[in-house]
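Heads up, upload05.cif below (mmCIF, C-alpha atoms and all ligand atoms):
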```
data_run
loop_
_atom_site.label_atom_id
_atom_site.label_comp_id
_atom_site.auth_asym_id
_atom_site.auth_seq_id
_atom_site.Cartn_x
_atom_site.Cartn_y
_atom_site.Cartn_z
CA MET L 120 -27.70 -15.46 79.90
CA SER L 121 -24.70 -17.60 80.73
CA LEU L 122 -23.07 -19.65 78.02
CA ASP L 123 -23.85 -22.82 79.96
CA SER L 124 -27.51 -22.24 79.43
CA ILE L 125 -26.85 -22.57 75.69
CA SER L 126 -26.89 -26.33 76.04
CA HIS L 127 -30.34 -26.04 77.64
CA ARG L 128 -31.58 -23.71 74.93
CA ALA L 129 -30.14 -26.11 72.38
CA LEU L 130 -32.31 -28.91 73.72
CA SER L 131 -35.45 -26.88 73.15
CA VAL L 132 -34.72 -26.01 69.52
CA ILE L 133 -32.29 -28.66 68.25
CA PRO L 134 -33.38 -32.32 68.55
CA GLY L 135 -31.00 -33.88 71.04
CA GLY L 136 -29.21 -30.52 71.34
CA VAL L 137 -26.56 -31.26 68.72
CA ASN L 138 -26.32 -31.23 64.94
CA SER L 139 -24.91 -34.71 64.32
CA GLY L 140 -25.79 -38.00 65.97
CA GLN L 141 -22.18 -38.68 66.88
CA ARG L 142 -22.01 -35.43 68.88
CA ARG L 143 -24.51 -36.83 71.36
CA VAL L 144 -21.95 -38.10 73.84
CA PRO L 145 -23.03 -39.28 77.30
CA GLY L 146 -21.49 -36.98 79.90
CA LEU L 147 -20.89 -34.15 77.42
CA GLU L 148 -24.46 -32.84 77.25
CA GLN L 149 -23.32 -29.51 78.72
CA LEU L 150 -20.34 -29.04 76.40
CA VAL L 151 -20.50 -25.73 74.55
CA ILE L 152 -17.50 -24.96 72.37
CA THR L 153 -16.46 -21.32 72.26
CA ALA L 154 -13.14 -21.36 70.41
CA THR L 155 -10.61 -23.52 68.63
CA ARG L 156 -6.94 -22.77 68.00
CA GLY L 157 -4.12 -24.98 66.79
CA ALA L 158 -4.09 -28.13 68.91
CA THR L 159 -6.70 -26.87 71.37
CA PHE L 160 -10.31 -25.91 71.95
CA THR L 161 -11.97 -23.90 74.71
CA ASP L 162 -15.39 -24.45 76.23
CA SER L 163 -17.93 -22.10 77.77
CA ARG L 164 -16.49 -22.72 81.24
CA GLY L 165 -13.22 -21.23 80.04
CA ASP L 166 -11.40 -24.56 80.12
CA THR L 167 -8.91 -25.21 77.33
CA TYR L 168 -8.25 -28.79 76.25
CA THR L 169 -5.59 -30.32 74.03
CA ASP L 170 -7.71 -31.76 71.27
CA TYR L 171 -7.06 -35.25 69.90
CA HIS L 172 -10.61 -35.74 68.66
CA ALA L 173 -10.06 -33.19 65.88
CA ALA L 174 -13.67 -33.16 64.70
CA PHE L 175 -13.37 -36.84 63.62
CA GLY L 176 -10.31 -36.00 61.52
CA PRO L 177 -10.43 -33.00 59.20
CA PRO L 178 -7.98 -30.51 60.80
CA LEU L 179 -4.76 -32.35 59.99
CA LEU L 180 -2.94 -29.02 60.04
CA GLY L 181 -4.53 -28.05 63.35
CA HIS L 182 -7.53 -25.83 64.01
CA ASN L 183 -7.73 -22.45 62.24
CA ASP L 184 -4.70 -23.03 60.06
CA PRO L 185 -3.69 -19.50 59.02
CA ASP L 186 -2.80 -20.41 55.42
CA VAL L 187 -6.04 -22.25 54.77
CA ASP L 188 -8.09 -19.54 56.49
CA ALA L 189 -6.32 -16.81 54.47
CA ALA L 190 -7.04 -18.65 51.21
CA VAL L 191 -10.72 -18.90 52.16
CA ALA L 192 -10.91 -15.20 53.05
CA GLU L 193 -9.19 -14.21 49.83
CA ALA L 194 -11.51 -16.35 47.70
CA ALA L 195 -14.58 -15.11 49.57
CA ALA L 196 -13.53 -11.51 48.97
CA HIS L 197 -13.75 -11.80 45.21
CA ILE L 198 -15.95 -14.71 44.21
CA ASP L 199 -18.81 -16.68 45.65
CA LEU L 200 -21.25 -19.25 44.41
CA MET L 201 -22.61 -18.86 40.87
CA GLY L 202 -24.20 -22.24 40.20
CA VAL L 203 -23.31 -22.17 36.54
CA GLY L 204 -20.14 -22.85 34.60
CA VAL L 205 -16.86 -23.78 36.22
CA THR L 206 -13.96 -21.90 37.80
CA GLN L 207 -10.27 -22.25 37.06
CA ALA L 208 -9.68 -23.25 40.68
CA GLU L 209 -12.10 -26.20 40.40
CA VAL L 210 -10.23 -27.46 37.36
CA GLU L 211 -6.90 -27.06 39.11
CA LEU L 212 -8.13 -28.90 42.19
CA ALA L 213 -9.40 -31.76 39.99
CA GLU L 214 -6.03 -31.84 38.23
CA ASP L 215 -4.26 -31.96 41.61
CA LEU L 216 -6.42 -34.87 42.80
CA ALA L 217 -5.89 -36.77 39.56
CA ALA L 218 -2.14 -36.27 39.86
CA LEU L 219 -2.02 -37.34 43.50
CA ILE L 220 -4.40 -40.32 43.82
CA PRO L 221 -3.51 -43.39 41.73
CA SER L 222 -7.08 -44.43 40.85
CA VAL L 223 -8.29 -40.95 39.98
CA GLU L 224 -8.58 -39.94 36.34
CA LYS L 225 -11.65 -37.74 36.69
CA VAL L 226 -13.18 -36.05 39.72
CA LEU L 227 -16.46 -34.55 40.90
CA LEU L 228 -16.70 -32.37 43.98
CA THR L 229 -19.31 -32.68 46.70
CA SER L 230 -19.69 -30.98 50.06
CA THR L 231 -19.55 -34.07 52.26
CA GLY L 232 -18.15 -37.57 52.33
CA SER L 233 -21.66 -39.05 52.51
CA GLU L 234 -22.58 -37.45 49.20
CA ALA L 235 -19.40 -38.83 47.66
CA THR L 236 -20.10 -42.41 48.82
CA PHE L 237 -23.77 -42.08 47.82
CA HIS L 238 -22.75 -41.19 44.26
CA ALA L 239 -20.10 -43.90 44.20
CA LEU L 240 -22.77 -46.50 44.88
CA ARG L 241 -25.31 -44.99 42.51
CA VAL L 242 -22.86 -44.89 39.64
CA SER L 243 -21.74 -48.47 40.40
CA ARG L 244 -25.30 -49.72 40.24
CA ALA L 245 -25.93 -47.74 37.06
CA ALA L 246 -22.75 -48.92 35.34
CA THR L 247 -23.19 -52.59 36.23
CA GLY L 248 -26.98 -52.79 36.12
CA ARG L 249 -26.73 -54.77 39.38
CA ARG L 250 -28.32 -54.44 42.77
CA LEU L 251 -26.08 -55.66 45.59
CA VAL L 252 -23.45 -53.70 47.49
CA VAL L 253 -20.91 -55.34 49.77
CA LYS L 254 -19.82 -53.49 52.89
CA PHE L 255 -17.93 -54.62 55.97
CA GLN L 256 -18.88 -54.82 59.62
CA GLY L 257 -17.32 -51.82 61.37
CA CYS L 258 -16.96 -49.58 58.31
CA TYR L 259 -18.87 -46.30 58.15
CA HIS L 260 -19.52 -44.59 54.84
CA GLY L 261 -21.97 -41.85 55.77
CA TRP L 262 -25.59 -41.48 56.68
CA HIS L 263 -27.41 -42.59 53.52
CA ASP L 264 -29.57 -45.69 53.44
CA SER L 265 -27.44 -48.09 51.37
CA VAL L 266 -24.61 -48.07 53.92
CA SER L 267 -26.44 -47.23 57.15
CA MET L 268 -25.85 -50.51 58.87
CA ASN L 269 -23.34 -52.57 60.86
CA VAL L 270 -20.90 -49.94 62.07
CA ILE L 271 -20.55 -50.41 65.82
CA SER L 272 -22.84 -53.35 66.46
CA ALA L 273 -23.65 -54.97 69.78
CA PRO L 274 -22.24 -58.54 69.94
CA GLU L 275 -25.65 -60.14 69.46
CA ARG L 276 -26.21 -58.11 66.27
CA VAL L 277 -22.99 -59.06 64.53
CA GLY L 278 -23.58 -61.43 61.60
CA ARG L 279 -26.96 -60.03 60.67
CA VAL L 280 -28.24 -56.75 59.27
CA ASP L 281 -27.95 -54.08 61.96
CA PRO L 282 -29.32 -50.76 60.70
CA ILE L 283 -27.98 -47.62 62.40
CA SER L 284 -31.30 -45.87 61.83
CA THR L 285 -34.96 -46.58 61.62
CA GLY L 286 -36.79 -45.41 58.53
CA ILE L 287 -34.75 -47.40 56.02
CA LEU L 288 -36.77 -49.51 53.60
CA PRO L 289 -36.21 -53.25 54.14
CA GLU L 290 -35.51 -53.71 50.42
CA VAL L 291 -32.62 -51.22 50.71
CA LEU L 292 -31.19 -53.12 53.68
CA ASP L 293 -31.63 -56.35 51.70
CA ALA L 294 -29.52 -54.93 48.88
CA THR L 295 -26.43 -54.70 51.09
CA LEU L 296 -24.32 -57.72 52.00
CA VAL L 297 -22.37 -57.19 55.22
CA LEU L 298 -19.14 -59.19 55.48
CA PRO L 299 -16.41 -59.42 58.12
CA PHE L 300 -13.42 -57.15 57.41
CA ASN L 301 -10.11 -58.95 56.76
CA ASP L 302 -11.90 -62.21 55.95
CA SER L 303 -10.84 -63.07 52.41
CA GLY L 304 -12.68 -66.41 52.59
CA ALA L 305 -15.98 -64.66 53.30
CA VAL L 306 -15.39 -62.33 50.35
CA ARG L 307 -14.65 -65.25 48.01
CA ARG L 308 -17.74 -67.11 49.21
CA ALA L 309 -19.95 -64.03 48.74
CA PHE L 310 -18.68 -63.64 45.18
CA ALA L 311 -19.09 -67.35 44.46
CA GLU L 312 -22.72 -67.14 45.56
CA HIS L 313 -23.80 -63.64 44.46
CA GLY L 314 -21.06 -62.43 42.08
CA ALA L 315 -23.38 -61.80 39.16
CA ASP L 316 -25.55 -59.50 41.31
CA ILE L 317 -22.80 -57.51 43.04
CA ALA L 318 -22.53 -53.95 41.77
CA ALA L 319 -19.81 -52.77 44.15
CA VAL L 320 -17.65 -53.46 47.14
CA ILE L 321 -17.13 -50.41 49.33
CA VAL L 322 -14.46 -50.46 52.01
CA GLU L 323 -12.50 -48.22 54.32
CA PRO L 324 -9.05 -49.56 53.40
CA VAL L 325 -8.06 -49.01 57.02
CA GLN L 326 -11.02 -49.43 59.34
CA HIS L 327 -10.91 -46.15 61.24
CA ASN L 328 -14.51 -45.96 62.33
CA VAL L 329 -13.72 -48.59 64.95
CA GLY L 330 -10.38 -47.03 65.89
CA CYS L 331 -7.69 -48.54 63.71
CA VAL L 332 -7.93 -51.98 62.16
CA LEU L 333 -5.30 -52.36 59.46
CA PRO L 334 -5.98 -54.59 56.47
CA VAL L 335 -4.10 -57.89 56.73
CA ASP L 336 -1.68 -58.72 53.93
CA GLY L 337 -3.51 -59.62 50.77
CA PHE L 338 -7.05 -58.66 51.89
CA LEU L 339 -7.39 -55.56 49.71
CA GLN L 340 -5.86 -57.45 46.79
CA VAL L 341 -8.54 -60.15 47.19
CA LEU L 342 -11.17 -57.41 46.94
CA ARG L 343 -9.46 -56.18 43.78
CA ASP L 344 -9.25 -59.66 42.26
CA GLU L 345 -12.81 -60.70 43.09
CA THR L 346 -14.41 -57.45 41.88
CA THR L 347 -12.39 -57.52 38.67
CA ARG L 348 -13.31 -61.15 37.99
CA ALA L 349 -17.01 -60.51 38.66
CA GLY L 350 -17.20 -57.19 36.81
CA ALA L 351 -18.08 -55.29 40.01
CA VAL L 352 -16.78 -51.87 41.06
CA LEU L 353 -14.23 -51.58 43.86
CA ILE L 354 -14.63 -48.40 45.93
CA PHE L 355 -12.04 -47.29 48.45
CA ASP L 356 -13.66 -44.90 50.88
CA GLU L 357 -10.62 -42.80 51.78
CA VAL L 358 -12.59 -40.08 53.56
CA ILE L 359 -10.37 -40.65 56.61
CA THR L 360 -7.22 -42.20 55.14
CA GLY L 361 -7.01 -39.78 52.20
CA PHE L 362 -4.34 -37.07 52.70
CA ARG L 363 -3.98 -38.00 56.37
CA HIS L 364 -1.88 -41.09 55.77
CA ALA L 365 -0.44 -40.06 52.41
CA LEU L 366 -1.24 -37.50 49.72
CA GLY L 367 -2.18 -40.38 47.43
CA GLY L 368 -4.30 -42.08 50.07
CA TRP L 369 -3.98 -45.63 51.39
CA GLN L 370 -4.01 -46.92 47.81
CA SER L 371 -0.62 -45.27 47.28
CA ILE L 372 0.67 -47.15 50.35
CA CYS L 373 -0.84 -50.58 49.71
CA GLY L 374 -0.44 -50.65 45.94
CA VAL L 375 -4.02 -51.78 45.26
CA THR L 376 -5.88 -49.45 42.92
CA PRO L 377 -9.67 -49.29 43.23
CA ASP L 378 -12.05 -48.20 40.47
CA LEU L 379 -13.50 -45.34 42.49
CA THR L 380 -12.24 -43.37 45.48
CA THR L 381 -14.02 -41.07 47.86
CA VAL L 382 -12.16 -38.44 49.87
CA GLY L 383 -13.16 -35.69 52.31
CA LYS L 384 -12.18 -34.61 55.82
CA ALA L 385 -8.44 -33.76 55.67
CA ILE L 386 -8.71 -32.48 52.10
CA ALA L 387 -9.52 -28.96 53.34
CA ASN L 388 -8.58 -28.97 57.02
CA GLY L 389 -12.18 -28.71 58.21
CA TYR L 390 -13.95 -26.82 55.46
CA PRO L 391 -16.83 -28.81 53.95
CA ILE L 392 -15.67 -30.24 50.67
CA ALA L 393 -15.27 -33.83 49.50
CA ALA L 394 -14.83 -35.62 46.20
CA ILE L 395 -15.47 -38.77 44.23
CA GLY L 396 -12.93 -39.73 41.61
CA GLY L 397 -11.88 -42.72 39.61
CA ARG L 398 -11.69 -44.41 36.25
CA ALA L 399 -12.60 -42.01 33.46
CA ASP L 400 -15.08 -44.41 31.82
CA LEU L 401 -17.01 -44.84 35.07
CA MET L 402 -16.84 -41.16 36.01
CA ASP L 403 -17.98 -40.19 32.52
CA THR L 404 -21.28 -42.02 33.06
CA PHE L 405 -22.15 -39.03 35.27
CA SER L 406 -22.34 -36.91 32.15
CA SER L 407 -23.13 -39.36 29.37
CA ALA L 408 -24.26 -42.91 29.99
CA PRO L 409 -25.89 -44.98 27.27
CA GLY L 410 -29.55 -44.14 27.66
CA ARG L 411 -29.36 -41.55 30.38
CA PRO L 412 -26.50 -40.12 32.47
CA VAL L 413 -26.21 -40.82 36.17
CA PHE L 414 -27.62 -37.76 37.90
CA PHE L 415 -25.17 -35.73 39.93
CA ALA L 416 -25.93 -32.35 41.43
CA GLY L 417 -25.43 -30.14 44.45
CA THR L 418 -25.96 -26.42 44.97
CA TYR L 419 -22.73 -26.04 46.91
CA ASN L 420 -20.51 -28.41 44.91
CA GLY L 421 -17.21 -26.73 44.07
CA HIS L 422 -17.94 -23.70 46.26
CA PRO L 423 -15.06 -21.29 45.53
CA ALA L 424 -14.14 -20.75 49.18
CA MET L 425 -14.09 -24.51 49.84
CA VAL L 426 -12.05 -25.17 46.72
CA ALA L 427 -9.61 -22.49 47.88
CA ALA L 428 -9.41 -24.21 51.27
CA ALA L 429 -8.65 -27.57 49.66
CA ARG L 430 -6.01 -26.12 47.37
CA ALA L 431 -4.29 -24.28 50.23
CA CYS L 432 -4.42 -27.39 52.41
CA LEU L 433 -2.97 -29.65 49.70
CA ARG L 434 -0.26 -27.06 48.96
CA LYS L 435 0.76 -27.07 52.60
CA LEU L 436 0.68 -30.87 52.82
CA ARG L 437 2.98 -30.98 49.79
CA ASN L 438 5.35 -28.19 50.75
CA GLU L 439 5.82 -28.61 54.47
CA PRO L 440 6.91 -31.66 56.49
CA VAL L 441 3.38 -32.23 57.80
CA HIS L 442 3.39 -36.00 57.42
CA GLU L 443 6.87 -36.34 58.91
CA HIS L 444 5.79 -34.28 61.90
CA VAL L 445 2.48 -36.02 62.63
CA PHE L 446 3.89 -39.48 61.96
CA ALA L 447 6.76 -38.86 64.42
CA LEU L 448 4.38 -37.61 67.11
CA GLY L 449 1.97 -40.47 66.44
CA GLU L 450 4.79 -42.97 66.90
CA GLN L 451 5.90 -41.29 70.15
CA ILE L 452 2.35 -41.38 71.46
CA ARG L 453 1.82 -45.04 70.59
CA SER L 454 5.09 -46.22 72.10
CA GLY L 455 4.66 -43.90 75.10
CA LEU L 456 1.16 -45.23 75.76
CA GLU L 457 2.36 -48.80 75.53
CA GLU L 458 4.87 -48.02 78.25
CA VAL L 459 2.29 -46.27 80.42
CA PHE L 460 -0.13 -49.19 80.18
CA SER L 461 2.47 -51.84 80.79
CA GLU L 462 3.91 -49.95 83.81
CA ALA L 463 0.39 -49.77 85.21
CA GLY L 464 -0.17 -53.48 84.49
CA VAL L 465 -3.31 -52.67 82.49
CA PRO L 466 -3.95 -54.94 79.50
CA ALA L 467 -4.10 -52.70 76.44
CA SER L 468 -3.58 -52.91 72.75
CA VAL L 469 -2.32 -49.62 71.34
CA ALA L 470 -3.16 -49.44 67.67
CA GLY L 471 -2.88 -46.80 64.98
CA TYR L 472 -1.08 -45.62 61.92
CA GLY L 473 0.74 -42.36 61.28
CA SER L 474 -1.16 -39.60 63.04
CA VAL L 475 -3.93 -41.89 64.32
CA PHE L 476 -3.88 -43.71 67.64
CA VAL L 477 -6.26 -45.60 69.88
CA ALA L 478 -5.76 -47.62 73.04
CA TYR L 479 -8.10 -50.60 73.27
CA PHE L 480 -8.49 -52.08 76.72
CA MET L 481 -7.87 -55.70 75.84
CA ASP L 482 -5.13 -58.31 75.84
CA GLY L 483 -3.20 -59.40 72.86
CA PRO L 484 -2.01 -58.05 69.54
CA ALA L 485 -3.67 -55.34 67.45
CA PRO L 486 -7.20 -56.36 66.48
CA GLN L 487 -7.84 -57.64 62.97
CA THR L 488 -11.56 -58.29 63.09
CA TYR L 489 -14.66 -56.81 64.63
CA THR L 490 -14.91 -59.89 66.82
CA ASP L 491 -11.48 -59.03 68.24
CA LEU L 492 -12.79 -55.57 69.11
CA LEU L 493 -15.60 -57.05 71.18
CA ARG L 494 -12.93 -57.91 73.77
CA ASN L 495 -12.30 -54.19 74.36
CA ASP L 496 -13.44 -53.20 77.87
CA ALA L 497 -15.80 -50.37 76.92
CA ALA L 498 -16.27 -49.22 80.52
CA MET L 499 -12.51 -48.78 80.93
CA PHE L 500 -12.21 -47.16 77.49
CA LEU L 501 -14.78 -44.54 78.49
CA GLY L 502 -13.62 -44.20 82.11
CA TYR L 503 -10.05 -43.53 80.98
CA ARG L 504 -11.10 -40.90 78.44
CA ARG L 505 -13.40 -39.17 80.93
CA ALA L 506 -10.50 -39.09 83.39
CA LEU L 507 -8.27 -37.61 80.66
CA MET L 508 -10.75 -34.76 80.35
CA ARG L 509 -10.12 -33.85 83.99
CA HIS L 510 -6.50 -33.34 82.92
CA ARG L 511 -7.64 -31.18 80.00
CA ILE L 512 -6.88 -33.77 77.35
CA PHE L 513 -9.67 -34.53 74.94
CA GLU L 514 -10.04 -37.92 73.31
CA LEU L 515 -13.70 -38.45 72.42
CA PRO L 516 -15.32 -40.52 75.18
CA LEU L 517 -17.22 -42.80 72.82
CA ASN L 518 -16.36 -46.47 72.51
CA LEU L 519 -13.80 -47.44 69.84
CA LYS L 520 -13.24 -43.89 68.55
CA ARG L 521 -9.80 -43.07 67.22
CA SER L 522 -7.70 -40.02 68.13
CA HIS L 523 -5.58 -37.83 65.87
CA VAL L 524 -2.50 -35.65 66.12
CA SER L 525 -2.15 -32.59 63.93
CA TYR L 526 0.66 -30.43 62.60
CA ALA L 527 -0.14 -28.01 65.43
CA HIS L 528 0.64 -30.59 68.13
CA THR L 529 4.18 -30.53 69.53
CA ALA L 530 6.48 -32.83 71.48
CA ALA L 531 5.39 -30.91 74.60
CA HIS L 532 1.78 -31.90 73.90
CA VAL L 533 2.89 -35.52 73.69
CA ASP L 534 4.66 -35.28 77.07
CA GLU L 535 1.56 -33.70 78.55
CA LEU L 536 -0.63 -36.48 77.10
CA LEU L 537 1.57 -39.26 78.46
CA MET L 538 1.70 -37.68 81.90
CA ALA L 539 -2.07 -37.21 81.92
CA SER L 540 -2.65 -40.75 80.73
CA ARG L 541 -0.63 -42.13 83.67
CA ALA L 542 -2.86 -40.21 86.09
CA ALA L 543 -6.07 -40.93 84.16
CA LEU L 544 -5.33 -44.63 84.13
CA ARG L 545 -4.91 -44.66 87.91
CA GLU L 546 -8.17 -42.75 88.32
CA ALA L 547 -10.03 -45.03 85.89
CA ILE L 548 -8.88 -48.16 87.71
CA GLU L 549 -9.92 -46.86 91.15
N1 LIG U 601 -16.70 -42.25 54.89
C1 LIG U 601 -15.96 -42.38 56.00
C2 LIG U 601 -14.87 -43.40 56.05
C3 LIG U 601 -16.22 -41.58 57.11
O1 LIG U 601 -15.51 -41.74 58.24
C4 LIG U 601 -17.24 -40.61 57.01
C5 LIG U 601 -17.53 -39.73 58.16
O2 LIG U 601 -17.08 -39.91 59.25
C6 LIG U 601 -17.97 -40.52 55.83
C7 LIG U 601 -17.67 -41.34 54.78
C8 LIG U 601 -19.07 -39.51 55.71
O3 LIG U 601 -18.53 -38.24 55.57
P1 LIG U 601 -19.37 -36.95 55.99
O4 LIG U 601 -19.56 -37.01 57.47
O5 LIG U 601 -18.51 -35.81 55.52
O6 LIG U 601 -20.66 -37.03 55.25
#
```
This entry written out as structure tokens:
Amino acid sequence: MSLDSISHRALSVIPGGVNSGQRRVPGLEQLVITATRGATFTDSRGDTYTDYHAAFGPPLLGHNDPDVDAAVAEAAAHIDLMGVGVTQAEVELAEDLAALIPSVEKVLLTSTGSEATFHALRVSRAATGRRLVVKFQGCYHGWHDSVSMNVISAPERVGRVDPISTGILPEVLDATLVLPFNDSGAVRRAFAEHGADIAAVIVEPVQHNVGCVLPVDGFLQVLRDETTRAGAVLIFDEVITGFRHALGGWQSICGVTPDLTTVGKAIANGYPIAAIGGRADLMDTFSSAPGRPVFFAGTYNGHPAMVAAARACLRKLRNEPVHEHVFALGEQIRSGLEEVFSEAGVPASVAGYGSVFVAYFMDGPAPQTYTDLLRNDAAMFLGYRRALMRHRIFELPLNLKRSHVSYAHTAAHVDELLMASRAALREAIE
């Protein structure tokens, strides 16, 4: 049976043929991945692509990093899951995270970012005894009910509750207030009206689930001030920004310290491990709250092989010039793309930070709000990325998705990308 028929077999046994909603990409129904290596992946047709999608962000070091893989193999050779007690490596990883991330005094490990944000909200509600959670239009925090709304919303659905799934109880949707990102006035008004009922504000400090929308000066500080004044918990969801932009996360760049932080993705270069950390008094309610502790569990939490992956990844991020390398390439890509688009006379706004880049097909400066993003020409965005695939460059052809460079990308990859983007742009316009 040919590998191509795998996608057909997939459809008969896997709903939609893929194991995550975001992998259902129009035009890529036949895509079967057979290998990954460094900055590339290969599909069942034998085509090798330079990968800028990077699995939505984890492999900051590049696919199959030999040091991380070796640490996993070594751990797996002598210890696996016990489900009781603790290991020295878990303690050392927690110590590392507490030393690196300003807000983190204590840490709990999960397997995924969604679990981390779920627990961040549960503990916030438990600690404050309040009901409401504030999230922002365009932010994604995982698949669980409290935050499953208003990520990429159609224009007519902006400004009201827009669930990303059916099956969520209306009372859960009602317990989330959705506000516009970068709108300090809206935050102040929400606190003036509902402050006494707000348990937590959760935010991606840089909005990466709609590409790259940077926080405007003062916005994150307003979140800090309003939550502090109202006695609510401020949660920075650094599942994307953590380790990718700085070892201490965005909070170490912007100087605003939240109460709780969630991290995942680049922590272990693609192995499934994530964490929630923060103020010791809040984190301690997981083990001893007045009355009853906040329940926290997970069969695979702190899996020795995943902990080994995270420790090896953090070691490499600390000891090698990973950030210097990816930041330099990211800068070359962004300025190169600006040139390509302006030479072609195509209105584009090239946004990004560090290793992240995205070209929106719209006039004007970098977007600051979700409303700005509605000006992006989605058809061009997708047409351009599909054309890039014909040149064996892979940026996920889904509207508003960001791209990433890794430590395995080189200046030659950047040249190749810029050349391909010139050609892809011509093809997309035709
Ligand atoms: N938070 C952010 C900012 C994310 O981008 C994601 C996933 O993309 C999550 C949380 C959920 O993480 P996971 O997919 O590991 O559950």
Close residues, L:Pro516 itself excluded, 7 Å, all atoms listed in the file, min 3 positions apart in chain, as an MDAnalysis selection string: chainID L and resid 501 504:505
List every residue of chain L that has an atom at most 8 Å from any atom of ligand LIG 601 (chain U), and for each one report the closest atom pair and its distance in Å to one decimal, counting all atoms listed in the file, with rows sorted by chain and then by increasing residue number, as CSV.
```
residue,atom,partner,partner_atom,distance
L:Phe175,CA,U:LIG601,O2,6.5
L:Ser230,CA,U:LIG601,O5,7.4
L:Thr231,CA,U:LIG601,O5,3.8
L:Gly232,CA,U:LIG601,O3,3.3
L:Ser233,CA,U:LIG601,O6,3.5
L:Glu234,CA,U:LIG601,O6,6.4
L:Ala235,CA,U:LIG601,C7,7.7
L:Thr236,CA,U:LIG601,C7,6.5
L:Cys258,CA,U:LIG601,C2,6.9
L:Tyr259,CA,U:LIG601,C1,5.3
L:His260,CA,U:LIG601,N1,3.7
L:Gly261,CA,U:LIG601,C8,3.7
L:Trp262,CA,U:LIG601,O6,6.8
L:Glu323,CA,U:LIG601,C2,5.6
L:Gln326,CA,U:LIG601,C2,7.9
L:His327,CA,U:LIG601,O1,7.0
L:Asn328,CA,U:LIG601,O1,6.0
L:Asp356,CA,U:LIG601,C2,5.5
L:Glu357,CA,U:LIG601,C2,6.1
L:Val358,CA,U:LIG601,C2,4.7
L:Ile359,CA,U:LIG601,C2,5.3
L:Thr360,CA,U:LIG601,C2,7.8
L:Thr381,CA,U:LIG601,N1,7.6
L:Val382,CA,U:LIG601,N1,7.8
L:Gly383,CA,U:LIG601,O5,6.2
L:Lys384,CA,U:LIG601,O5,6.4
L:Pro391,CA,U:LIG601,O5,7.4
L:Ile392,CA,U:LIG601,O5,7.9
L:Ala393,CA,U:LIG601,O5,7.1
```
Within 8 Å of L:Leu507, counting all atoms listed in the file, which residues show up once you throw out same-chain ones fewer than 6 positions away? Write them as an MDAnalysis selection string, please. chainID L and resid 513:514 539:540 543
Could I get the residues of stretch 472-499 of chain L with an atom no further than 12 Å from an atom of stretch 436-443 of chain L, each paired with its nearest atom pair and that distance in Å to one decimal, using all atoms listed in the file, sorted by chain and residue number, as a tab-separated table?
```
residue	atom	partner	partner_atom	distance
L:Tyr472	CA	L:His442	CA	11.5
L:Gly473	CA	L:His442	CA	7.9
L:Ser474	CA	L:His442	CA	8.1
L:Val475	CA	L:His442	CA	11.7
```
Out of L:Arg509, L:His422, L:His528, L:His127, which residue has the shortest atom-to-atom distance to L:Val205 when counting only C-alpha atoms? L:His422
Point-to-point distance from atom CA of L:Met402 to atom CA of L:Lys225, Å rounded to tenths: 6.3 Å
Got a sec: who's within 12 Å of L:Asn420, counting all atoms listed in the file, leaving out chain neighbours fewer than 2 positions off, as a PyMOL selection string? chain L and resi 199-206+209+226-231+234-235+391-395+415-418+422-426
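Atom to atom, atom CA of L:Val187 and atom CA of L:Arg142 stand 25.1 Å apart.
Of the residues under consideration (L:Ala498, L:Val469, L:Ile125, L:Val325), L:Val469 shows the shortest atom-to-atom contact distance to L:Glu450 when counting all atoms listed in the file.
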Between atom CA of L:Pro466 and atom CA of L:His444, distance in Å (one decimal):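 Taking atom CA of L:Pro466 and atom CA of L:His444, their separation equals 28.8 Å.
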Just want the 12 Å neighbourhood of L:Arg411, counted on only C-alpha atoms, with same-chain residues fewer than 5 positions away dropped. Output as a ChimeraX atom specification. /L:242,245-246,403-406
Quick one: residues within 9 Å of L:Asp215, all atoms listed in the file, excluding same-chain residues fewer than 5 positions away - as a PyMOL selection string? chain L and resi 210+220+430+433
Restricting it to C-alpha atoms, dump the selection as an mmCIF file, in the coordinates of the input.
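Here's the written file again-v8.cif:
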```cif
data_model
loop_
_atom_site.group_PDB
_atom_site.id
_atom_site.type_symbol
_atom_site.label_atom_id
_atom_site.label_comp_id
_atom_site.auth_asym_id
_atom_site.auth_seq_id
_atom_site.Cartn_x
_atom_site.Cartn_y
_atom_site.Cartn_z
ATOM 1 C CA VAL L 210 -10.230 -27.460 37.360
ATOM 2 C CA ILE L 220 -4.400 -40.320 43.820
ATOM 3 C CA ARG L 430 -6.010 -26.120 47.370
ATOM 4 C CA LEU L 433 -2.970 -29.650 49.700
#
```
Nearest to L:Leu179: which of L:Val252, L:Leu379, L:Val352, L:Val445 is it, counting all atoms listed in the file?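 Among the listed residues, L:Val445 lies closest to L:Leu179.
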Taking (-4.1, -57.1, 86.6) as a centre in this file's frame and 12 Å as the limit, can you find every polymer residue with an atom that close, using all atoms listed in the file, and give them as a list of chain:residue names?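 Protein and nucleic acid residues near the point are L:Phe460, L:Ser461, L:Glu462, L:Ala463, L:Gly464, L:Val465, L:Pro466, L:Ala467, L:Phe480, L:Met481, L:Asp482, L:Ile548.
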May I have the protein, DNA and RNA residues with an atom at most 6 Å from (-5.4, -48.4, 64.3), counting only C-alpha atoms in the file's coordinates, returned as a list in words? Gly330, Cys331, Val332, Ala470, Gly471, Tyr472 and Phe476 of chain L
Pick the closest to L:Leu492 from L:Val151, L:Ala351, L:Ile372, L:Val477: which is it, counting all atoms listed in the file? L:Val477
